[in-house]
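Visitor: Got a structure for you, questions after.
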Amino acid sequence: MPWKAISKIEVNTWNEKLKASDALFYQFPYYVSSEYNSSFSKAIFVKYTENEQEIAFAAIIEIGFVSFKVGVIEDGPVLLQKNVDLQTIIGELKKFAHKKGYMHLQIRPPVNSPFNLYLKADKTFEDRVHFPFHLKVEFDWNIYNKPEKELLAGFKMQCRRKIVLAGRVPYKFSKVEDEKTLADIRKLFNAVTDTKGYGFLPFKVYEKIYKEGRKYNLCDFYAVYLNDQLVNAVLIVKDGQSFYHYTSALIVKGFHPNESPPAKLHFFIMQDCFYNEQKKFYNISFGGSDNLIRFKELFNPIEIERPPYYTFVIKKNTLHLFSNLSLKYTTDLRNFFKFIDKRFRRP
């Protein structure tokens, strides 16, 4: 049976359904529909069924417009059954992409997914990104669930030292449970943007991801206060088996860097998610500034290479136009699309 678009009424039920699968958060409707919700990008959700049995699911990010629209499946499709016919599933997905009028369909399957080997062998897919409408990190940095003493011992010495020293400062660590703290977090993110110039998404995007995810226990903000002033906050997004550092903001004045709270906050988050929610791993890989990357390396995460993007080209001439752009113009065009996306993002 062909891939079929899921109705708006049914979409939210998939947040619970996917919790029972090995789907990663990129495929969860609460996340995808919140981040990709503008005049330039949106999310649609499709399922593949056989004999009224749900076989596979995919969240497709549609980016662009008219003849220049592309479809992107990040960490999908999600297989819901074993021993299925991958050739038919992918063949029907190609037909769906044709009907939607995509310029091309770009797929990155999950690590260890059977789709990875299949797409690598399928000559109709290219191991190539022609035009970088959508690119995510190439590596996962995972910290795995283990007994608390072993977890702490696995961090680099400097990280453990930061955790101890921050514990001597009267910081208050908590999981966000109220609207007042959310308002404080909004002010903190705006202050970091103004003072440090970080390129955050509009805060309303983070707020929507948070509020939609909270409905299914799939999202949390964690916060740190000092003298009744919010100084650090982290947005955590989740799926059925893992949790992810999505974004964070920090402003602490008057304390040595080794006494600032981020290391202790991340350890606090790990304790909550590992031992209260029984999550399998913490993905801390989302990038940022060089300083932020160096900070994350202190937790000694395990680096896992993600599969490449596989591209099924549909409109060759149109895509050729974009592929021949210089790197300079490609970057300028991406920045233009980001500007349009921020200006005309739907509430």
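Here's how to read the names in the structure tokens: chain A, B, ... by the order shown, residue numbers from 1 in each chain, ligand numbers from 1 in the order shown.
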When you look at A:Tyr246 with a cut-off of 12 Å (counting only C-alpha atoms), what residues show up, excluding the ones that are within fewer than 6 positions of it in the same chain? I need them as a VMD selection string.
Guide: chain A and resid 25 to 26 31 35 200 to 201 205 to 206 209 to 210 219 to 222 233 to 238 282 to 288
Visitor: For A:Ile55, which residue out of A:Ile251, A:Val70, A:Leu86, A:Ala223 is the nearest one, using only C-alpha atoms?
Guide: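 That would be A:Leu86, the residue with the smallest distance to A:Ile55.
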Visitor: Go through stretch 136-182 of chain A and collect every residue that DSSP, computed from the backbone, puts in strand (DSSP E); the answer should be as a list in words.
Guide: Phe139, Asp140, Trp141, Asn142, Ile143, Tyr144, Lys172, Phe173, Ser174 and Lys175 of chain A
Visitor: Excluding A:Val313 and residues on its chain fewer than 2 positions from it, collect all residues at most 9 Å away from it, counting only C-alpha atoms, and give them as a VMD selection string.
Guide: chain A and resid 102 to 106 124 to 126 311 315 to 316 319
Visitor: At what distance in Å, to one decimal, does atom CA of A:Arg294 lie from atom CA of A:Lys162?
Guide: 13.7 Å
Visitor: Compile the contact shell of A:Tyr198 as number ranges by chain: residues with an atom at most 12 Å away, counting only C-alpha atoms, same-chain residues fewer than 3 positions apart removed.
Guide: A: 189-195, 201-202, 247-250, 288-289, 292
Visitor: Save out the residues we just selected, C-alpha atoms, as a tab-separated table (two decimals), in the first residue's frame.
Guide:
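File written: part.tsv
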```
chain	number	residue	atom	x	y	z
A	189	PHE	CA	18.08	33.77	26.32
A	190	ASN	CA	17.39	37.33	25.14
A	191	ALA	CA	20.13	38.66	27.41
A	192	VAL	CA	22.66	36.12	26.08
A	193	THR	CA	21.69	37.05	22.51
A	194	ASP	CA	22.20	40.74	23.27
A	195	THR	CA	25.48	40.41	25.17
A	201	LEU	CA	16.38	30.41	17.10
A	202	PRO	CA	13.51	32.72	18.09
A	247	THR	CA	20.14	24.43	23.53
A	248	SER	CA	21.29	26.37	26.60
A	249	ALA	CA	22.04	29.84	27.88
A	250	LEU	CA	24.41	31.05	30.61
A	288	GLY	CA	27.81	25.74	19.17
A	289	SER	CA	30.84	27.90	19.76
A	292	LEU	CA	30.86	25.10	24.09
```
Visitor: Within 10 Å of stretch 143-158 of chain A, which residues of stretch 225-263 of chain A come that close, and what is the closest atom pair and distance in Å for each? Count only C-alpha atoms and give it as a tab-separated table.
Guide:
```
residue	atom	partner	partner_atom	distance
A:Ser242	CA	A:Tyr144	CA	9.3
A:Asn258	CA	A:Gln158	CA	8.6
A:Ala263	CA	A:Gln158	CA	9.9
```
Visitor: Store the residues picked out above, limited to N, CA and C atoms, as a tab-separated table (two decimals), in the first residue's frame.
Guide:
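Contents of the output file again-v4.tsv:
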```
chain	number	residue	atom	x	y	z
A	242	SER	N	16.21	7.99	24.90
A	242	SER	CA	17.35	8.88	25.09
A	242	SER	C	16.90	10.31	25.35
A	258	ASN	N	35.66	28.04	36.75
A	258	ASN	CA	35.59	26.70	37.35
A	258	ASN	C	34.46	26.58	38.38
A	263	ALA	N	28.59	22.43	34.31
A	263	ALA	CA	28.98	21.03	34.48
A	263	ALA	C	28.10	20.35	35.51
```
Visitor: Compare A:Gln271, A:Asn15, A:Asn116, A:Thr88 by their minimum atom-to-atom distance to A:Asn217, counting only C-alpha atoms, and give me the closest one.
Guide: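 Ranked by minimum distance to A:Asn217, first place goes to A:Asn15.
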Visitor: So, counting only C-alpha atoms, which residue among A:Val231, A:Leu298, A:Cys159, A:Ile63 is closest to A:Phe173?
Guide: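 The answer is A:Val231, which sits nearest to A:Phe173.
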Visitor: In Å to one decimal, how far is atom CA of A:Ile61 from atom CA of A:Ser34?
Guide: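 Taking atom CA of A:Ser34 as the start and atom CA of A:Ile61 as the end point, the length is 11.3 Å.
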Visitor: What does the structure give for the distance between atom CA of A:Asp178 and atom CA of A:Asn276, in Å to one decimal?
Guide: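 Computed distance, atom CA of A:Asp178 to atom CA of A:Asn276, equals 20.2 Å.
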